[in-house]
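Here is the file coords_4.csv (CSV, C-alpha atoms).
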chain,number,residue,atom,x,y,z
A,298,MET,CA,80.8,-12.4,168.0
A,299,GLY,CA,78.4,-9.4,167.4
A,300,SER,CA,81.1,-6.8,168.2
A,301,PHE,CA,83.6,-5.7,165.6
A,302,GLY,CA,85.9,-5.0,168.5
A,303,MET,CA,86.7,-8.8,168.5
A,304,LEU,CA,88.2,-8.6,165.0
A,305,SER,CA,91.8,-7.5,164.3
A,306,ARG,CA,92.6,-3.9,163.6
A,307,ARG,CA,94.9,-5.1,160.9
A,308,ALA,CA,92.1,-6.8,159.0
A,309,LEU,CA,89.6,-4.1,159.6
A,310,GLY,CA,92.1,-1.5,158.5
A,311,THR,CA,92.8,-3.3,155.2
A,312,GLN,CA,90.9,-2.1,152.1
A,313,MET,CA,88.4,-4.6,150.6
A,314,PRO,CA,90.0,-6.5,147.6
A,315,VAL,CA,88.7,-4.7,144.5
A,316,MET,CA,88.4,-8.0,142.6
A,317,VAL,CA,86.0,-9.3,145.3
A,318,GLN,CA,83.9,-6.3,144.6
A,319,ILE,CA,84.2,-6.7,140.9
A,320,ARG,CA,83.1,-10.3,141.0
A,321,LYS,CA,80.1,-9.3,143.1
A,322,LEU,CA,79.2,-6.7,140.5
A,323,MET,CA,79.5,-9.3,137.7
A,324,GLU,CA,77.1,-11.6,139.5
A,325,GLU,CA,74.5,-8.9,139.3
A,326,LEU,CA,74.8,-8.6,135.5
A,327,LYS,CA,73.5,-10.6,132.6
A,328,ASN,CA,76.2,-11.6,130.2
A,329,PRO,CA,78.9,-9.2,131.4
A,330,MET,CA,82.2,-8.9,129.5
A,331,SER,CA,85.3,-8.3,131.6
A,332,LEU,CA,88.2,-6.0,130.8
A,333,ALA,CA,88.9,-5.9,134.6
A,334,GLN,CA,91.0,-8.7,136.1
A,335,GLY,CA,94.7,-9.1,135.2
A,336,VAL,CA,94.5,-12.4,133.4
A,337,VAL,CA,95.6,-13.8,130.0
A,338,TYR,CA,93.3,-15.8,127.8
A,339,TRP,CA,95.7,-18.6,127.1
A,340,GLN,CA,96.3,-21.8,129.0
A,341,PRO,CA,99.6,-23.4,129.9
A,342,PRO,CA,101.6,-25.1,127.1
A,343,GLU,CA,99.8,-28.2,125.9
A,344,GLN,CA,102.9,-30.4,126.2
A,345,ALA,CA,103.4,-29.4,129.8
A,346,LEU,CA,99.8,-30.2,130.7
A,347,GLU,CA,100.1,-33.6,129.1
A,348,LYS,CA,103.1,-34.4,131.1
A,349,VAL,CA,101.4,-33.3,134.3
A,350,LYS,CA,98.5,-35.6,133.6
A,351,GLU,CA,100.8,-38.5,134.1
A,352,LEU,CA,101.8,-37.3,137.6
A,353,VAL,CA,98.6,-37.4,139.4
A,354,TRP,CA,99.2,-40.9,140.7
A,355,ASP,CA,102.8,-40.2,141.8
A,356,PRO,CA,102.8,-40.2,145.7
A,357,LEU,CA,105.4,-37.4,145.7
A,358,VAL,CA,102.9,-35.0,144.1
A,359,SER,CA,100.5,-35.6,147.1
A,360,SER,CA,103.3,-35.1,149.7
A,361,TYR,CA,105.0,-32.0,151.1
A,362,GLY,CA,108.0,-30.8,149.3
A,363,PRO,CA,111.0,-28.6,150.3
A,364,ASP,CA,109.8,-25.2,151.6
A,365,GLU,CA,111.8,-23.3,149.1
A,366,GLY,CA,110.7,-25.4,146.1
A,367,ILE,CA,111.6,-28.7,144.4
A,368,PRO,CA,115.3,-28.7,143.5
A,369,GLU,CA,114.8,-29.3,139.7
A,370,LEU,CA,112.6,-26.2,139.4
A,371,ARG,CA,114.9,-24.0,141.5
A,372,GLU,CA,117.8,-25.1,139.4
A,373,ALA,CA,115.9,-24.3,136.2
A,374,LEU,CA,114.8,-20.9,137.6
A,375,GLN,CA,118.4,-20.0,138.5
A,376,LYS,CA,119.5,-20.8,135.0
A,377,LYS,CA,116.6,-18.7,133.6
A,378,LEU,CA,117.5,-15.8,136.0
A,379,CYS,CA,121.1,-15.8,134.8
A,380,GLU,CA,120.4,-16.1,131.1
A,381,GLU,CA,117.4,-13.9,130.7
A,382,ASN,CA,117.4,-11.5,133.6
A,383,LYS,CA,121.2,-11.1,134.1
A,384,LEU,CA,120.7,-12.0,137.8
A,385,HIS,CA,123.9,-14.0,138.7
A,386,LYS,CA,123.9,-13.7,142.5
A,387,SER,CA,120.4,-14.6,143.4
A,388,ALA,CA,119.0,-17.5,145.4
A,389,VAL,CA,115.4,-18.7,144.6
A,390,MET,CA,112.3,-19.5,146.7
A,391,VAL,CA,109.2,-20.8,144.9
A,392,THR,CA,105.9,-19.5,146.3
A,393,ALA,CA,102.2,-19.9,145.8
A,394,GLY,CA,102.0,-17.0,143.4
A,395,ALA,CA,103.6,-13.5,143.3
A,396,ASN,CA,101.2,-12.1,145.9
A,397,GLN,CA,102.2,-14.7,148.4
A,398,ALA,CA,105.9,-13.9,147.5
A,399,PHE,CA,105.2,-10.3,148.4
A,400,VAL,CA,103.6,-11.1,151.7
A,401,ASN,CA,106.6,-13.3,152.5
A,402,LEU,CA,108.9,-10.4,151.9
A,403,VAL,CA,106.8,-7.9,153.9
A,404,LEU,CA,106.8,-10.2,156.9
A,405,THR,CA,110.5,-10.9,156.6
A,406,LEU,CA,111.6,-7.2,156.1
A,407,CYS,CA,109.0,-5.0,157.9
A,408,ASP,CA,107.8,-4.5,161.5
A,409,PRO,CA,104.4,-3.0,162.4
A,410,GLY,CA,104.8,0.8,162.3
A,411,ASP,CA,107.6,0.8,159.7
A,412,SER,CA,107.3,3.2,156.8
A,413,VAL,CA,107.5,2.1,153.2
A,414,VAL,CA,107.3,3.7,149.8
A,415,MET,CA,105.0,2.9,146.8
A,416,PHE,CA,104.3,5.0,143.7
A,417,GLU,CA,101.0,6.2,142.4
A,418,PRO,CA,99.1,4.5,140.9
A,419,TYR,CA,100.0,1.5,143.0
A,420,TYR,CA,99.2,-2.2,142.8
A,421,PHE,CA,96.3,-2.7,145.2
A,422,ASN,CA,97.4,-6.2,146.5
A,423,ALA,CA,100.8,-4.9,147.5
A,424,TYR,CA,99.2,-2.0,149.3
A,425,MET,CA,96.9,-4.4,151.1
A,426,ALA,CA,99.9,-6.6,152.1
A,427,PHE,CA,101.4,-3.7,153.9
A,428,GLN,CA,98.1,-2.8,155.6
A,429,MET,CA,97.3,-6.2,156.9
A,430,THR,CA,100.8,-6.7,158.3
A,431,GLY,CA,100.7,-3.5,160.4
A,432,VAL,CA,102.8,-1.3,158.1
A,433,THR,CA,100.5,1.7,158.4
A,434,ASP,CA,103.0,4.4,157.3
A,435,ILE,CA,102.7,4.0,153.5
A,436,LEU,CA,104.3,6.9,151.7
A,437,ILE,CA,102.8,7.3,148.2
A,438,GLY,CA,105.3,8.8,145.7
A,439,PRO,CA,104.2,10.8,142.6
A,440,ASN,CA,104.7,9.8,139.1
A,441,HIS,CA,105.7,12.0,136.1
A,442,PRO,CA,102.3,13.1,134.7
A,443,GLU,CA,103.2,12.4,131.1
A,444,THR,CA,105.1,9.1,131.4
A,445,LEU,CA,103.8,7.7,134.7
A,446,TYR,CA,107.4,6.8,135.6
A,447,PRO,CA,108.2,6.9,139.3
A,448,ASP,CA,109.6,10.3,140.4
A,449,ALA,CA,113.2,9.5,141.4
A,450,ASP,CA,113.9,13.1,142.5
A,451,TRP,CA,111.0,12.8,145.0
A,452,LEU,CA,112.3,9.4,146.2
A,453,GLU,CA,115.8,10.8,146.8
A,454,ARG,CA,114.4,13.7,148.9
A,455,THR,CA,112.0,11.5,150.8
A,456,LEU,CA,114.5,8.9,151.7
A,457,SER,CA,117.1,11.5,152.9
A,458,GLU,CA,114.6,13.6,154.8
A,459,SER,CA,112.3,10.9,156.4
A,460,LYS,CA,113.3,9.8,159.9
A,461,PRO,CA,113.5,6.9,160.4
A,462,THR,CA,114.3,6.0,156.8
A,463,PRO,CA,111.6,4.0,155.1
A,464,LYS,CA,112.3,0.2,155.3
A,465,VAL,CA,111.2,-0.7,151.8
A,466,VAL,CA,110.6,0.9,148.4
A,467,THR,CA,108.6,-1.2,145.9
A,468,VAL,CA,108.0,-0.8,142.2
A,469,VAL,CA,106.2,-2.9,139.6
A,470,ASN,CA,108.0,-3.2,136.2
A,471,PRO,CA,106.2,-3.2,133.8
A,472,GLY,CA,103.5,-1.4,135.8
A,473,ASN,CA,100.3,-2.6,137.3
A,474,PRO,CA,98.0,-0.7,137.0
A,475,SER,CA,99.8,1.9,134.9
A,476,GLY,CA,100.8,-0.3,131.9
A,477,THR,CA,104.1,1.6,131.6
A,478,TYR,CA,107.6,0.3,132.3
A,479,VAL,CA,110.6,1.6,134.2
A,480,PRO,CA,113.5,2.3,131.8
A,481,GLU,CA,116.8,0.7,132.8
A,482,PRO,CA,118.6,4.0,133.7
A,483,LEU,CA,115.7,5.0,135.9
A,484,LEU,CA,115.6,1.5,137.5
A,485,LYS,CA,119.3,1.7,138.3
A,486,ARG,CA,118.9,5.2,139.7
A,487,ILE,CA,116.1,4.1,142.0
A,488,SER,CA,118.3,1.2,143.1
A,489,ASP,CA,121.2,3.5,143.8
A,490,ILE,CA,119.0,5.8,145.8
A,491,CYS,CA,117.7,2.9,147.9
A,492,SER,CA,121.3,1.6,148.4
A,493,ASN,CA,122.6,5.0,149.5
A,494,ALA,CA,119.7,5.4,152.0
A,495,GLY,CA,120.1,1.9,153.4
A,496,CYS,CA,116.6,0.6,152.4
A,497,TRP,CA,115.3,-2.4,150.6
A,498,LEU,CA,114.0,-2.3,147.0
A,499,ILE,CA,111.4,-4.9,146.0
A,500,VAL,CA,110.8,-5.1,142.2
A,501,ASP,CA,107.7,-7.0,141.0
A,502,ASN,CA,108.6,-8.4,137.5
A,503,THR,CA,105.3,-10.3,137.0
A,504,TYR,CA,104.9,-8.9,133.4
A,505,GLU,CA,108.6,-9.2,132.4
A,506,TYR,CA,107.7,-10.7,129.0
A,507,PHE,CA,104.9,-8.2,128.3
A,508,MET,CA,106.8,-5.5,126.5
A,509,TYR,CA,105.7,-3.9,123.2
A,510,ASP,CA,107.0,-1.6,120.5
A,511,GLY,CA,110.6,-2.9,120.8
A,512,LEU,CA,111.0,-2.0,124.4
A,513,LYS,CA,113.1,-4.3,126.7
A,514,HIS,CA,112.5,-5.4,130.3
A,515,SER,CA,115.5,-5.2,132.6
A,516,CYS,CA,116.3,-6.3,136.1
A,517,VAL,CA,118.7,-5.0,138.8
A,518,GLU,CA,120.7,-7.0,141.3
A,519,GLY,CA,122.3,-6.1,144.7
A,520,ASN,CA,122.3,-7.0,148.3
A,521,HIS,CA,119.5,-4.5,149.0
A,522,ILE,CA,117.3,-5.8,146.1
A,523,VAL,CA,114.7,-8.5,145.9
A,524,ASN,CA,113.0,-9.5,142.6
A,525,VAL,CA,109.6,-11.1,142.4
A,526,PHE,CA,108.4,-13.1,139.4
A,527,SER,CA,105.2,-15.0,138.5
A,528,PHE,CA,104.1,-17.9,136.2
A,529,SER,CA,100.4,-16.7,136.3
A,530,LYS,CA,100.5,-14.4,133.3
A,531,THR,CA,103.5,-15.7,131.4
A,532,TYR,CA,102.4,-19.3,131.0
A,533,GLY,CA,98.6,-18.8,131.7
A,534,MET,CA,98.9,-20.5,135.1
A,535,MET,CA,96.7,-18.1,137.2
A,536,GLY,CA,94.8,-20.9,138.9
A,537,TRP,CA,97.9,-23.0,139.5
A,538,ARG,CA,99.3,-20.3,141.9
A,539,LEU,CA,103.0,-20.2,141.3
A,540,GLY,CA,105.6,-17.4,141.6
A,541,TYR,CA,109.1,-17.1,142.9
A,542,ILE,CA,111.5,-14.8,144.8
A,543,ALA,CA,115.0,-14.0,143.7
A,544,TYR,CA,116.9,-12.7,146.7
A,545,PRO,CA,120.6,-12.0,147.4
A,546,GLU,CA,122.4,-15.4,147.8
A,547,GLU,CA,125.1,-13.8,150.0
A,548,LEU,CA,122.6,-12.9,152.7
A,549,GLU,CA,122.2,-16.3,154.3
A,550,ASP,CA,120.2,-15.0,157.3
A,551,PHE,CA,117.7,-13.4,154.9
A,552,GLY,CA,117.0,-16.9,153.4
A,553,LYS,CA,116.6,-18.4,156.9
A,554,GLN,CA,114.1,-15.8,158.0
A,555,LEU,CA,112.2,-16.2,154.7
A,556,LEU,CA,111.9,-19.9,155.3
A,557,LYS,CA,110.2,-19.3,158.6
A,558,VAL,CA,107.5,-17.2,156.9
A,559,GLN,CA,107.1,-19.7,154.0
A,560,ASP,CA,106.7,-22.7,156.4
A,561,ASN,CA,103.9,-20.9,158.2
A,562,ILE,CA,101.9,-19.8,155.2
A,563,PRO,CA,101.9,-22.5,152.5
A,564,ILE,CA,104.7,-24.8,153.8
A,565,CYS,CA,105.5,-25.2,150.1
A,566,ALA,CA,103.9,-24.3,146.8
A,567,SER,CA,101.7,-27.0,145.2
A,568,ILE,CA,104.0,-29.8,144.0
A,569,ILE,CA,102.0,-30.5,140.8
A,570,SER,CA,102.0,-26.7,140.0
A,571,GLN,CA,105.8,-26.7,140.4
A,572,ARG,CA,106.1,-29.7,138.0
A,573,LEU,CA,103.9,-27.9,135.5
A,574,ALA,CA,106.1,-24.8,135.8
A,575,LEU,CA,109.2,-26.9,135.2
A,576,TYR,CA,107.7,-28.3,132.0
A,577,ALA,CA,106.5,-24.9,130.9
A,578,LEU,CA,110.0,-23.5,131.3
A,579,GLU,CA,111.2,-26.1,128.8
A,580,MET,CA,109.1,-24.4,126.2
A,581,GLY,CA,111.4,-21.3,126.5
A,582,PRO,CA,110.5,-17.6,126.5
A,583,GLY,CA,109.6,-17.8,122.8
A,584,TRP,CA,106.4,-19.6,123.7
A,585,VAL,CA,105.3,-16.6,125.9
A,586,GLU,CA,106.6,-13.9,123.5
A,587,GLU,CA,104.6,-15.4,120.6
A,588,ARG,CA,101.4,-15.0,122.6
A,589,VAL,CA,102.3,-11.5,123.9
A,590,LYS,CA,102.7,-10.4,120.2
A,591,GLY,CA,99.1,-11.3,119.7
A,592,LEU,CA,98.1,-8.8,122.4
A,593,VAL,CA,99.3,-5.8,120.4
A,594,LYS,CA,96.0,-5.9,118.4
A,595,ASN,CA,94.0,-6.2,121.6
A,596,ARG,CA,95.8,-3.1,122.9
A,597,GLU,CA,94.9,-1.1,119.9
A,598,ILE,CA,91.3,-2.2,120.0
A,599,VAL,CA,90.9,-1.2,123.6
A,600,ARG,CA,92.9,2.1,123.1
A,601,GLU,CA,90.5,3.0,120.4
A,602,ALA,CA,87.5,2.3,122.7
A,603,LEU,CA,88.9,4.7,125.2
A,604,GLY,CA,89.1,7.4,122.5
A,605,PRO,CA,86.0,9.3,123.8
A,606,LEU,CA,88.1,10.3,126.9
A,607,GLY,CA,90.6,12.2,124.7
A,608,LYS,CA,94.0,11.0,123.6
A,609,GLY,CA,95.9,12.8,126.4
A,610,ASN,CA,93.8,11.0,129.0
A,611,VAL,CA,94.8,7.5,128.0
A,612,LYS,CA,98.3,6.3,129.0
A,613,GLY,CA,100.2,3.0,129.4
A,614,GLY,CA,100.2,0.0,127.1
A,615,GLU,CA,104.0,0.1,126.8
A,616,GLY,CA,104.1,-3.0,128.9
A,617,ALA,CA,102.0,-5.4,131.0
A,618,ILE,CA,98.3,-5.8,129.9
A,619,TYR,CA,96.8,-2.5,131.0
A,620,LEU,CA,95.8,0.9,129.7
A,621,TRP,CA,95.3,3.7,132.3
A,622,ALA,CA,92.5,6.2,131.6
A,623,LYS,CA,91.5,9.4,133.2
A,624,LEU,CA,87.8,10.1,133.5
A,625,PRO,CA,86.3,13.5,132.7
A,626,GLU,CA,86.5,16.1,135.5
A,627,GLY,CA,83.9,15.6,138.2
A,628,TYR,CA,84.0,11.8,138.1
A,629,THR,CA,86.2,11.2,141.2
A,630,ASP,CA,83.7,8.4,142.3
A,631,ASP,CA,85.1,6.0,139.7
A,632,PHE,CA,83.5,3.0,141.4
A,633,LYS,CA,80.2,4.6,140.6
A,634,VAL,CA,81.2,4.9,137.0
A,635,VAL,CA,82.4,1.2,137.0
A,636,LYS,CA,79.0,0.1,138.3
A,637,TRP,CA,77.2,2.2,135.8
A,638,LEU,CA,79.3,0.8,132.9
A,639,GLY,CA,78.5,-2.7,134.1
A,640,HIS,CA,74.8,-2.3,134.6
A,641,ARG,CA,74.1,-0.1,131.6
A,642,HIS,CA,76.6,-1.3,129.0
A,643,GLY,CA,77.6,-4.8,130.3
A,644,VAL,CA,81.4,-4.2,130.5
A,645,VAL,CA,83.5,-4.3,133.6
A,646,VAL,CA,86.8,-2.5,134.4
A,647,ILE,CA,88.8,-1.6,137.5
A,648,PRO,CA,88.3,1.7,139.4
A,649,GLY,CA,91.5,3.7,139.8
A,650,SER,CA,90.6,4.5,143.4
A,651,ALA,CA,91.6,0.9,144.2
A,652,CYS,CA,95.1,2.0,143.1
A,653,GLY,CA,95.2,5.3,145.0
A,654,SER,CA,94.1,7.3,142.0
A,655,PRO,CA,90.4,8.3,142.1
A,656,GLY,CA,88.9,9.4,138.8
A,657,HIS,CA,90.8,6.8,136.7
A,658,LEU,CA,90.1,3.4,135.2
A,659,ARG,CA,92.4,0.4,134.7
A,660,VAL,CA,91.5,-1.5,131.6
A,661,SER,CA,93.0,-4.9,130.8
A,662,PHE,CA,93.5,-6.1,127.2
A,663,GLY,CA,94.9,-9.5,128.1
A,664,GLY,CA,92.0,-11.6,129.2
A,665,LEU,CA,90.0,-12.1,126.0
A,666,PRO,CA,90.9,-13.4,122.5
A,667,GLU,CA,90.7,-10.7,119.8
A,668,ALA,CA,87.1,-11.2,118.7
A,669,ALA,CA,85.8,-11.1,122.3
A,670,THR,CA,88.1,-8.1,123.1
A,671,ARG,CA,86.5,-6.3,120.1
A,672,ALA,CA,83.0,-7.0,121.4
A,673,ALA,CA,83.9,-5.9,125.0
A,674,ALA,CA,85.7,-2.8,123.7
A,675,GLU,CA,82.6,-1.8,121.6
A,676,ARG,CA,80.5,-1.9,124.8
A,677,LEU,CA,83.1,0.3,126.6
A,678,ARG,CA,83.3,2.8,123.7
A,679,ARG,CA,79.5,3.2,123.7
A,680,GLY,CA,79.5,3.7,127.4
A,681,LEU,CA,82.3,6.3,127.5
A,682,GLU,CA,80.7,8.2,124.6
A,683,GLU,CA,77.5,8.4,126.5
A,684,LEU,CA,79.3,9.3,129.7
A,685,VAL,CA,81.2,12.2,128.0
A,686,LEU,CA,78.1,13.5,126.0
A,687,HIS,CA,75.2,12.9,128.4
A,688,GLY,CA,76.6,11.8,131.8
A,689,MET,CA,75.6,8.6,133.6
A,690,VAL,CA,72.1,8.2,132.1
A,691,GLU,CA,70.0,5.6,134.0
Encoding of this model in structure tokens:
Amino acid sequence: MGSFGMLSRRALGTQMPVMVQIRKLMEELKNPMSLAQGVVYWQPPEQALEKVKELVWDPLVSSYGPDEGIPELREALQKKLCEENKLHKSAVMVTAGANQAFVNLVLTLCDPGDSVVMFEPYYFNAYMAFQMTGVTDILIGPNHPETLYPDADWLERTLSESKPTPKVVTVVNPGNPSGTYVPEPLLKRISDICSNAGCWLIVDNTYEYFMYDGLKHSCVEGNHIVNVFSFSKTYGMMGWRLGYIAYPEELEDFGKQLLKVQDNIPICASIISQRLALYALEMGPGWVEERVKGLVKNREIVREALGPLGKGNVKGGEGAIYLWAKLPEGYTDDFKVVKWLGHRHGVVVIPGSACGSPGHLRVSFGGLPEAATRAAAERLRRGLEELVLHGMVE
């Protein structure tokens, strides 16, 4: 086993997960504060956790369940999709998180060598999912420099000119890592462009409830569209690993092929996690929205900390839990900056190069309560002031 030739080209050709590298960095530090990982600081609803405690002795919880999810949860999700997302013709599959949902879709829709489209800055785990399944022709579309919205004109040209036509276009709405959202007219235009070109559109709606300043999240539906959702951020269920796919119910064969993939990866999502999700849904979207409102203050605290970079260099924060910051000219090695901020100032963020945009930082304002956010942000502000004024002083 000494030779790397014995390992798969797919694995070797996949970038190293940035969070693995960030955790390693944090292990090197004393008392680090993290504005890095995309997490929320709250736990699932207390009533839901209390109900789940009663289930640990139930034999059904320790058994396999239906591949596509327990019927009660799927029924509740279809009701939620109709009422909240205006998706009336979608079937549901429950997965072990949104990342696993995305891998299911890539394996169902793409062959090795297919081309796909993502937009800069992209979500690193989606990029890796394409890499590790042999989809090596990944076309990275530009965004509008001011808004960070996906460039629909570029997409229209690319899908009409590329031969063969890319198999999949994917967007995250609201955006990870950009922290922006895709306005409904633009989302509909992207959908129409994909439909006209005969390619699939995958929309990741993980942060559907994380909208600020009166903005509204919207979904689109069609026989070429698949929507991905997650319980991780909404109900603080990161470690419970639960997400779901909403796919066109008319496409029976799509569902059959999806089941093949599901059965060979998790078989089914954890039964106790599915029960917790069902109980969490009973709390309604208001439970999530109340907590999201509390993040507005966190956002402003972190935005202020990024002030030394200059107002025009800090974007996002319209949705999700991220601000997207451009480093001063000459700092294209953003991972070096991230390590320096960690070792010298005790605060950790994500390098933009992990998202295809060297010279940037992704900063999360969701993972810490307000007081801790303020303390972490102060470390970040001091670090960025020093960076701008004196460079990376050792």
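Using all atoms listed in the file for every distance, the candidate list A:Ala388, A:Thr503, A:Val634, A:Leu624 yields A:Val634 as the residue closest to A:Val690.
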Open item on the list: Would you compute the distance between atom CA of A:Gln554 and atom CA of A:Leu402? Give it in Å to one decimal.
Closed with: 9.7 Å
Considering only C-alpha atoms, return as a tab-separated table (two decimals) with C-alpha atoms, in the coordinates of the input whatever protein or nucleic-acid residues lie within 10 Å of A:Ala308, sequence-local ones (same chain, fewer than 2 positions apart) excluded.
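Generated output (around.tsv):
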chain	number	residue	atom	x	y	z
A	304	LEU	CA	88.20	-8.60	165.00
A	305	SER	CA	91.80	-7.50	164.30
A	306	ARG	CA	92.60	-3.90	163.60
A	310	GLY	CA	92.10	-1.50	158.50
A	311	THR	CA	92.80	-3.30	155.20
A	312	GLN	CA	90.90	-2.10	152.10
A	313	MET	CA	88.40	-4.60	150.60
A	425	MET	CA	96.90	-4.40	151.10
A	428	GLN	CA	98.10	-2.80	155.60
A	429	MET	CA	97.30	-6.20	156.90
A	430	THR	CA	100.80	-6.70	158.30
A	431	GLY	CA	100.70	-3.50	160.40
Any chance you could tabulate, as a Markdown table, the residues of stretch 370-441 of chain A at most 10 Å from stretch 456-461 of chain A with each one's nearest atom pair and distance in Å to one decimal, using only C-alpha atoms, in chain and rising number order?
| residue | atom | partner | partner_atom | distance |
| --- | --- | --- | --- | --- |
| A:Asp411 | CA | A:Pro461 | CA | 8.5 |
| A:Ser412 | CA | A:Pro461 | CA | 8.1 |
| A:Val413 | CA | A:Leu456 | CA | 9.9 |
| A:Val414 | CA | A:Leu456 | CA | 9.1 |
Open item on the list: Using Å and a single decimal, report how far atom CA of A:Gly476 sits from atom CA of A:Asp510.
Closed with: 13.0 Å
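Computed from the coordinates, the atom CA of A:Pro655 to atom CA of A:Thr629 distance equals 5.2 Å.
If you count only C-alpha atoms and ignore residues fewer than 3 places along the chain from A:Ser360, what sits within 8 Å of it is A:Pro356, A:Leu357, A:Ile568.
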Within-6 Å shell of (105.5, -34.5, 137.8) in input frame, only C-alpha atoms, as a PDB file with C-alpha atoms, in the frame of the given file:
ATOM      1  CA  VAL A 349     101.400 -33.300 134.300  1.00  0.00           C
ATOM      2  CA  LEU A 352     101.800 -37.300 137.600  1.00  0.00           C
ATOM      3  CA  ARG A 572     106.100 -29.700 138.000  1.00  0.00           C
TER       4      ARG A 572
END
TODO: Write out as a list in words which residues come within 12 Å of A:Ser650 when counting only C-alpha atoms, dropping same-chain ones fewer than 5 positions away.
DONE: Gln312, Met313, Pro314, Val315, Glu417, Pro418, Tyr419, Tyr420, Phe421, Pro474, Lys623, Leu624, Tyr628, Thr629, Asp630, Asp631, Phe632, Lys633, Val634, Val635, Pro655, Gly656, His657, Leu658 and Arg659 of chain A
Task: Radius query 7 Å about (102.9, -26.4, 129.6), atoms used: only C-alpha atoms, as a list in words - done: Pro341, Pro342, Glu343, Gln344, Ala345, Leu346, Leu573, Tyr576 and Ala577 of chain A
Counting only C-alpha atoms, which residues of stretch 299-401 of chain A sit at most 8 Å from some atom of stretch 532-537 of chain A, and what is each one's closest atom pair with its distance in Å to one decimal, listed by chain and rising residue number, as a tab-separated table?
residue	atom	partner	partner_atom	distance
A:Val336	CA	A:Met535	CA	7.2
A:Val337	CA	A:Gly533	CA	6.1
A:Tyr338	CA	A:Gly533	CA	7.2
A:Trp339	CA	A:Gly533	CA	5.4
A:Gln340	CA	A:Gly533	CA	4.6
A:Pro341	CA	A:Gly533	CA	5.0
A:Pro342	CA	A:Tyr532	CA	7.0
Could you save those same residues with C-alpha atoms as a PDB file, in the coordinates of the input?
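The resulting file, out_38.pdb, is shown below:
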ATOM      1  CA  VAL A 336      94.500 -12.400 133.400  1.00  0.00           C
ATOM      2  CA  VAL A 337      95.600 -13.800 130.000  1.00  0.00           C
ATOM      3  CA  TYR A 338      93.300 -15.800 127.800  1.00  0.00           C
ATOM      4  CA  TRP A 339      95.700 -18.600 127.100  1.00  0.00           C
ATOM      5  CA  GLN A 340      96.300 -21.800 129.000  1.00  0.00           C
ATOM      6  CA  PRO A 341      99.600 -23.400 129.900  1.00  0.00           C
ATOM      7  CA  PRO A 342     101.600 -25.100 127.100  1.00  0.00           C
TER       8      PRO A 342
END
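Among the candidates A:Leu404, A:Val358, A:Lys464, A:Arg371, the one nearest to A:Phe551 when counting all atoms listed in the file is A:Leu404.
Checking A:Ser570, A:Thr670, A:Ser661, A:Gln559 one by one against A:Ala398, counting only C-alpha atoms, you find the shortest gap at A:Gln559.
Among the candidates A:Pro439, A:Gly664, A:Gly653, A:Gly552, the residue lying nearest to A:Asp364 is A:Gly552 (atoms considered: only C-alpha atoms).
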- [ ] Excluding A:Tyr619 and residues on its chain fewer than 2 positions from it, collect all residues at most 8 Å away from it, counting only C-alpha atoms, and give them as a ChimeraX atom specification.
- [x] /A:473-476,613-614,616-617,621,659-663
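Minimum atom-to-atom distances from A:Asp355, A:Glu369, A:Glu601, A:Glu587 to A:Glu675 were compared using all atoms listed in the file, and the lowest value belongs to A:Glu601.
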Task: Selected residue, from A:His687, A:Arg679, A:Arg320, A:Arg307, that lies nearest to A:Pro605 when counting all atoms listed in the file - done: A:Arg679
N, CA and C atoms for stretch 614-623 of chain A, written as a short mmCIF file (atom, residue, chain, number, x, y, z; two decimals), in the coordinates of the input, could you do that?
data_model
loop_
_atom_site.label_atom_id
_atom_site.label_comp_id
_atom_site.auth_asym_id
_atom_site.auth_seq_id
_atom_site.Cartn_x
_atom_site.Cartn_y
_atom_site.Cartn_z
N GLY A 614 100.18 0.91 128.31
CA GLY A 614 100.20 0.00 127.10
C GLY A 614 101.61 -0.20 126.61
N GLU A 615 102.65 0.38 127.24
CA GLU A 615 104.00 0.10 126.80
C GLU A 615 104.44 -1.30 127.26
N GLY A 616 103.84 -1.71 128.39
CA GLY A 616 104.10 -3.00 128.90
C GLY A 616 102.92 -3.53 129.69
N ALA A 617 103.05 -4.73 130.27
CA ALA A 617 102.00 -5.40 131.00
C ALA A 617 100.75 -5.58 130.10
N ILE A 618 99.55 -5.53 130.67
CA ILE A 618 98.30 -5.80 129.90
C ILE A 618 97.28 -4.72 130.19
N TYR A 619 97.75 -3.48 130.47
CA TYR A 619 96.80 -2.50 131.00
C TYR A 619 96.96 -1.15 130.21
N LEU A 620 95.82 -0.47 130.08
CA LEU A 620 95.80 0.90 129.70
C LEU A 620 95.19 1.68 130.92
N TRP A 621 95.66 2.89 131.13
CA TRP A 621 95.30 3.70 132.30
C TRP A 621 94.61 4.95 131.79
N ALA A 622 93.34 5.11 132.15
CA ALA A 622 92.50 6.20 131.60
C ALA A 622 92.00 7.12 132.61
N LYS A 623 92.06 8.41 132.29
CA LYS A 623 91.50 9.40 133.20
C LYS A 623 90.10 9.79 132.77
#
